[in-house]
Structures are given as structure tokens and as C-alpha cells.
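Reading through the C-alpha cells given below for one structure.
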Amino acid sequence: MSMMTGKQYRESLRQLKPEIYYMGEKIESLVDHPGFVPHVNAAALTYEMALALEFEELVTATSHLTGEKINRFTHIHHGHDDLVKKVKMLRAIGQQTGSCFQRCVGHDGLNAVYSVTYDIDQKMGTDYHRRLVNLLKEVQSRDLMISGAMTDPKGDRRLSPSQQKDPDLYVHVVEKRKDGIVVSGAKAHITGAVNSHGHLVMPTVAMKAEDADYAVCFYVPIDAPGVIHIFGRQTNDTRKCDCFLDQGNVEYGIVGGEALIVFDRVFIPWEHVFMCGEYEFAYDLVERFATAHRQNYGGCKAGLSDALIGASYAFAQVQGTDRASHIRDKLVEMVHLTETLYCCSIACSCQGFALPAGSYMADPLLANVTKLNVTRHIYEIARLAQDIAGGILATSPAEMDWKDPRVGKYVDKYMKGVADLPAETRIRLIRLIEAMTCGTALVESMHGAGSPQAQRIMIERRANLERKKRLAEKLAKIGEQPLFVC
Amino acid sequence: MSQNRHKVKVALKYCGSCNPYVDLSRIARHLAKVVEARQGVELVHLCDDGIGVVIILCGCHRACGNKPEVRARAKRSLVIAGESLSGKAVPEMYLPAAVEQELIRILDS
């Protein structure tokens, strides 16, 4: 099978029977439920853009396993060009969706597990890499969307996985059988979980010998028995059901759509197990996945910011403030911040390197700097957008009142800006800016791919403060004076 | 002169040292001592002909110095890329000794 179209992707989801709950309801048809349609649409665009001539250079790649043309979201990076193209692809798609399109998480998971299974096999004589390659061939040939499920609920953060009072607070092996393992636990905040074909489950922290049962990595189809999805609420999510215009981004929503995935004694055949007890490799897997995912954020979020800058500029035109110097200055600042993020993602890609498996990963220090900047700059970009938009962002009348036969004419009259543009244009832009800056979307920039402190820890580990000290000592004529500090 | 013709030539190539994660000078100084103490080996410039071993010193995993044209200058090559030697992880404090060990293994083979 070749790459899927967006329509084929939707149809492929209809063939699955995952267990999904949302707002007290068991969801029978995700693809047709208004609470999920925007997220399915955003993911579907990763399929449609791969087939579009305008984007195929970025959104497709050549499989190193088969030589076939594949969707880049199923590709293993084999050079700097791949790393850079991933970032460019994410920006290009983000510009079109104005929201998270989810598919990068599984992509980063596949790349991380690909390299770590190779390393485990080299040291332990296991067979994980062959299994992963087989899964990868299937993912590539069927153009599957895989979620990357790393974050456990974690319970008491002071305690390691094996020290928790409730053992299920981290995903763990509860039984080993001849034909596979049985796992229990949960993964939280998993992006795109409900509209993926399967989940790539990875450990979330470094582990010690006593945590060996928690050092487990596997693939599971979304509708495997015992896999339960509880979909998360989002700001203004009921607008998906009772409004159109007030949603702001009707087509693609405000975030990727996150879910709590519960594993209630789920059976995993050995062929889909990629780590089972090799606790000393848990940290490598976490670091490589985190690096790959943090590398992304200056790509996708820059794409979203492009759309937000455009909305702010258009809104200023609607209000007649677009020539005001302070508005121009704020728009320039938004561009500056956006391109700063993009610079970071491109830089960590260019500074990437080859791993023993032959695949490439981004520079960890620079990738963490990228994501840490996202936790700040996206908020500042959003603040500037809100500044430009004004208080109407929080007080605009509802779509229903605009359509009301009694008061609609007043909404139309008093929501108008410049005379030659209709009030509807202004209201639509208000709602788009609201959707992109007033709620869940911002939290995604703060905590997606790990919270700021996780990035700080990684940055400190790679800060090389001793060398910086030697540089200073040389300049201050302290101690040894080598010709160069190298 | 005739003695020099039979010496194994060892050359160093730095990545450029933009922001090295490991102390490349320390490794290079250690190697210079190893070569000096060992008969039949000499440190030469990479431009020399007939180089036996090129040791590529890169400050981080990006390994900017590890290029085909550099490796092609010698029969054998050793690549230090951050805390790694020829693709295997080595903590910085052990790198000089590990490089020495690997160089001697090559020279003896």
C-alpha cells in the first residue's frame, strides 16, 4: 500500500474499534463526533500535504529499508538534511493548521526506539532492533499514524516507579508469558492518542535495577483489549458542538487533542516488545525522544505563530490601527520571536549527529534550548497578539446573538471596525486569536515535550561550566596560561 | 633520514574547536607524549604523504572534523567526538587513555 490520502486515513480509523470516553460518553465513531473532528482533520492534513506537489519535498522521504517513497512522519533520519527537513515540514504544516497536528510524537518515538533498540542489542544480545525494523516496515507501508506515549501519571514525584504505593502509576510488566508480556498502568497527556492507529509506549524516566519491571517499551494497536482512552477537556470545547464561528479554528481546533491512556492488563506479543527490563537504557530512550521532540517546537510553533501574526495584522487592518507605529513594532517583535524559535530548531538539526544504528539525532543541548525558548516566546507572542487585539478579545458577543433576529443588527453595527469591512471579518479574527492564545494552546507550549525544568536539567548536564571557567581564567590571568583553551 | 622513512606517521585533525564539550588539547598533549615515548612513530602534519593514522579530534558529537577527505589522508583513522571514541561512549576523564590504547592497538596490528 502506498501513502494514504486524508480520506483514506479517516476511513482507516473507521475500521478500528478503540475504547474512547469523552464527557461521560463512550464514543462510537470518533471520525464523525464534533469533539474530535478538528483533531482528525489536522492529522489528515499530514497525509494530504504529502501528496501535494507544493509540499512533497518536505513531507515525503525515501525509506532506508525499502527505497520506497514514504510519508516523512514514518521516516528514520539518516542525515542532517532529514533533521532540517523535519523542522521545515513542521513549520509548513503548522502554518496550514494553526494548531497541533499530532503526528510528530510517534515519529520521534520511532526514531528514538530505532536507535536505542540497536544499542540494547549490541550490549545485551537481544533481538529488539529486528522487531522494531519489522514494525517500522509495516508503519511505512501502511502509512500508519503512531502516538508516542511516554509520560506516566507519576503519582508522588519524590518516589521512583517501584517506590509508588500504587504500582500502576507507571506502566509496568505484570506478567511474562511464553508468547508475550502483560502490562498495566497509564500514560497521560498523549497527543493524537484517540485518532492514531496504535501507540508506541516508552519509559518516562531514568531507572535503576529495582525499577526493571517499569523499563518496558512496546507497540500496541489502539483497539487492543484493555486499552482505554479518556479524552481530555480543552478550553471552550463545548463550542465544537454548539457553535461554528465561535470555535475560532473550526477546521483544526486549538490543540492536538490529548488523552489519558489506561492499560488494564494488556497483552503485548514479544514481537512488539522493544525493551523489557533493560533499565540502564531507559535514560537513553528518554533523552533521545525528548531531544527529537524538543527539536520540533521551533518548527511547528513557528508555523502556528505565522498564522497568529497574520491574524494580528489582519485584525489591526480591520480596526484601522495597522499603520500605528506601536502596532507595527509589536508585529515586528512577534516575527523576531518566531524566527528566533525557528533558528533554534534549524541550528540543533544542523548540529545533529549519527548514532551507532546509523540514524541521526539533533544536538541535545540546542534542542533543549529550543524548547525552553518556546515556553517563553510563545507566551510573549500570544501576549502581543492580545495587546494588538484589545479587550474585545474577552468580551465579544456570542455567535448566537449575532444571528439573533432581535439583537443581531446591533452586534453587526457595533462590532464593525473600518467602514468597508464587515463585522463578521472582525469577529472571525477575534475568535481565531482567542482560540490560539486564550487557553489550552499555551499550556501545550509550556509543558508539551516536557516542562521547563526538564529542559533546564538537560541544559545543565551539557553546560560544560568547567570549560567556561577555564576560558575566564585564561583571560583573567589566573593559573595556567595555555596558548588556547580548547 | 632513512630511519624516518620507516616511521609510522600519525596526524591530528581538529574539528575547529568552536565550542568543544571535551578538552581536546588535553588529549592532544597526551598523544604527543605517547608518540614521543614510542619508537618508530612520529607526529606529522595532515598535509604530509604516507600517513598511517589520522586522529580526528572533535569537541562534540557533531564531529565536524570527521570527513571522508580527512579519513582518506591515512590508512586508519580514530574519531573522538565529544565523549566518544570511534562511536563508543567514553567519559571525558578516560578519553586520553582510551585513545592511547586504541592507537597502540593499531600500531601493533
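Labels for the C-alpha cells follow display order: chains A, B, ..., residues from 1 in each chain, ligands from 1.
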
Excluding range 455-463 of chain A and its own-chain neighbours fewer than 2 positions away, which residues fall within 12 Å of it when counting only C-alpha atoms? Please give them as a PyMOL selection string.
(chain A and resi 283+286-288+290-291+293-295+363-375+446-453+465-469) or (chain B and resi 19-22+60+82-83)

Residues of chain B that have any atom at most 9 Å from an atom of chain A: could you tabulate them with the shortest-distance atom pair and the distance in Å to one decimal, using only C-alpha atoms, ordered by chain and increasing number, as CSV?
residue,atom,partner,partner_atom,distance
B:Ser17,CA,A:Cys486,CA,6.2
B:Cys18,CA,A:Cys486,CA,8.5
B:Asn19,CA,A:Cys486,CA,8.1
B:Pro20,CA,A:Cys486,CA,6.6
B:Tyr21,CA,A:Asn464,CA,6.4
B:Val22,CA,A:Cys486,CA,8.1
B:Asp23,CA,A:Cys486,CA,5.8
B:Leu24,CA,A:Cys486,CA,5.7
B:Ser25,CA,A:Cys486,CA,5.6
B:Arg26,CA,A:Cys486,CA,8.4
B:Gly59,CA,A:Cys486,CA,8.3
B:His61,CA,A:Phe353,CA,5.8
B:Arg62,CA,A:Phe353,CA,4.8
B:Ala63,CA,A:Phe353,CA,7.3
B:Cys64,CA,A:Gln351,CA,8.9
B:Gly87,CA,A:Pro356,CA,6.3
B:Lys88,CA,A:Pro356,CA,8.1

Any idea what's packed within 7 Å of Val41 in chain B, counting only C-alpha atoms, ignoring anything in its chain fewer than 2 positions away? Could you give it as a PyMOL selection string?
chain B and resi 7-9+35+38-39

Could you please take those selected residues and save N, CA and C atoms as a PDB file, in the first residue's frame?
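Output file out_1.pdb is given in full below:
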ATOM      1  N   LYS B   7      59.182   5.185   9.838  1.00  0.00           N
ATOM      2  CA  LYS B   7      58.312   5.553  10.950  1.00  0.00           C
ATOM      3  C   LYS B   7      56.853   5.630  10.502  1.00  0.00           C
ATOM      4  N   VAL B   8      55.987   5.224  11.418  1.00  0.00           N
ATOM      5  CA  VAL B   8      54.554   5.369  11.140  1.00  0.00           C
ATOM      6  C   VAL B   8      54.164   6.808  11.432  1.00  0.00           C
ATOM      7  N   LYS B   9      53.549   7.422  10.456  1.00  0.00           N
ATOM      8  CA  LYS B   9      53.169   8.823  10.619  1.00  0.00           C
ATOM      9  C   LYS B   9      51.769   8.923  11.222  1.00  0.00           C
ATOM     10  N   VAL B  35      53.474   9.394  21.530  1.00  0.00           N
ATOM     11  CA  VAL B  35      54.229   9.255  20.283  1.00  0.00           C
ATOM     12  C   VAL B  35      55.711   9.476  20.540  1.00  0.00           C
ATOM     13  N   ARG B  38      57.411   6.513  22.098  1.00  0.00           N
ATOM     14  CA  ARG B  38      57.368   5.256  21.348  1.00  0.00           C
ATOM     15  C   ARG B  38      58.247   5.361  20.100  1.00  0.00           C
ATOM     16  N   GLN B  39      59.090   4.374  19.901  1.00  0.00           N
ATOM     17  CA  GLN B  39      59.972   4.384  18.732  1.00  0.00           C
ATOM     18  C   GLN B  39      59.176   4.009  17.486  1.00  0.00           C
TER      19      GLN B  39
END

re CA of Ala74 in chain B and CA of Ile51 in chain B: distance 4.8 Å

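By chain and then residue number, the residues within 12 Å of range 321-325 of chain A are A:Gly310, A:Ala311, A:Ser312, A:Tyr313, A:Ala314, A:Phe315, A:Ala316, A:Lys330, A:Leu331, A:Val332, A:Ile388, A:Ala389, A:Gly390, A:Gly417, A:Val418, counting only C-alpha atoms and disregarding those fewer than 5 positions away in sequence.
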
7 Å contact set for Val54 in chain B, only C-alpha atoms, chain neighbours under 6 positions out, as a PDB file with C-alpha atoms, in the first residue's frame:
ATOM      1  CA  VAL B  10      50.394   9.941  12.918  1.00  0.00           C
ATOM      2  CA  ALA B  11      48.494  13.143  12.144  1.00  0.00           C
ATOM      3  CA  LEU B  12      45.936  15.112  14.121  1.00  0.00           C
ATOM      4  CA  ARG B  71      39.900   9.919   6.660  1.00  0.00           C
ATOM      5  CA  ALA B  74      45.530   7.946   6.158  1.00  0.00           C
ATOM      6  CA  ARG B  76      43.472   4.190   9.506  1.00  0.00           C
ATOM      7  CA  SER B  77      41.536   6.734  11.458  1.00  0.00           C
ATOM      8  CA  LEU B  78      40.389   7.296  15.025  1.00  0.00           C
TER       9      LEU B  78
END

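Of the residues in range 92-175 of chain A, those given strand (DSSP E or B) by DSSP on the backbone are Ile146, Ser147, Gly148, Ala149, His172, Val173, Val174 and Glu175 of chain A.
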
Who sits within 10 Å of His377 in chain A, only C-alpha atoms, same chain under 3 positions skipped, as a ChimeraX atom specification
/A:301,334,336-338,340-341,371-374,380-383,445

What's around range 177-182 of chain A at 10 Å? Count only C-alpha atoms, leave out sequence neighbours fewer than 2 positions away in its own chain, and write the answer as a list in words.
His172, Val173, Val174, Glu175, Ser184, Val216, Phe218, Phe263, Asp264, Arg265, Val266, Phe267, Ile268, Pro269, Trp270, Glu271, His272, Val273 and Cys276 of chain A

Prev. selection, C-alpha atoms, output as a PDB file, in the first residue's frame:
ATOM      1  CA  HIS A 172       4.928  -1.858  34.098  1.00  0.00           C
ATOM      2  CA  VAL A 173       5.102  -5.543  33.296  1.00  0.00           C
ATOM      3  CA  VAL A 174       2.722  -7.570  35.469  1.00  0.00           C
ATOM      4  CA  GLU A 175       3.246 -10.911  33.806  1.00  0.00           C
ATOM      5  CA  SER A 184      -0.749  -2.351  33.399  1.00  0.00           C
ATOM      6  CA  VAL A 216       9.324  -1.504  29.204  1.00  0.00           C
ATOM      7  CA  PHE A 218       6.220  -1.730  23.254  1.00  0.00           C
ATOM      8  CA  PHE A 263      -3.585  -0.167  30.150  1.00  0.00           C
ATOM      9  CA  ASP A 264      -5.670  -2.659  32.077  1.00  0.00           C
ATOM     10  CA  ARG A 265      -3.755  -5.923  31.862  1.00  0.00           C
ATOM     11  CA  VAL A 266      -2.981  -5.518  28.161  1.00  0.00           C
ATOM     12  CA  PHE A 267      -1.281  -8.404  26.376  1.00  0.00           C
ATOM     13  CA  ILE A 268       1.683  -7.483  24.162  1.00  0.00           C
ATOM     14  CA  PRO A 269       3.200 -10.206  21.950  1.00  0.00           C
ATOM     15  CA  TRP A 270       7.004 -10.421  22.113  1.00  0.00           C
ATOM     16  CA  GLU A 271       7.259  -9.252  18.514  1.00  0.00           C
ATOM     17  CA  HIS A 272       6.000  -5.857  19.665  1.00  0.00           C
ATOM     18  CA  VAL A 273       8.211  -5.604  22.765  1.00  0.00           C
ATOM     19  CA  CYS A 276      11.741  -5.423  28.846  1.00  0.00           C
TER      20      CYS A 276
END

Hey, what does DSSP flag as alpha helix (DSSP H) within range 414-450 of chain A? Can you give it to me as a tab-separated table (two decimals) with C-alpha atoms, in the first residue's frame?
chain	number	residue	atom	x	y	z
A	414	TYR	CA	-21.21	47.84	16.93
A	423	ALA	CA	-18.28	42.93	11.36
A	424	GLU	CA	-18.08	39.22	10.57
A	425	THR	CA	-14.44	39.59	9.50
A	426	ARG	CA	-13.59	41.22	12.82
A	427	ILE	CA	-15.49	38.60	14.83
A	428	ARG	CA	-13.82	35.72	12.98
A	429	LEU	CA	-10.36	37.15	13.64
A	430	ILE	CA	-11.20	37.74	17.29
A	431	ARG	CA	-12.24	34.13	17.66
A	432	LEU	CA	-9.13	32.84	15.90
A	433	ILE	CA	-6.83	34.91	18.13
A	434	GLU	CA	-8.85	33.80	21.16
A	435	ALA	CA	-8.51	30.14	20.17
A	436	MET	CA	-4.76	30.46	19.67
A	437	THR	CA	-3.91	32.49	22.78
A	440	THR	CA	-5.08	25.17	26.39
A	441	ALA	CA	-2.95	26.04	23.37
A	442	LEU	CA	-0.49	27.98	25.51
A	443	VAL	CA	-0.12	25.19	28.06
A	444	GLU	CA	0.93	22.95	25.19
A	445	SER	CA	3.88	25.29	24.59
A	446	MET	CA	4.80	25.24	28.27
A	447	HIS	CA	4.59	21.53	29.03

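Nearest residue to Val262 in chain A among A:Asp420, A:Phe231, A:Ser29, A:Ala61 is A:Phe231, counting only C-alpha atoms.
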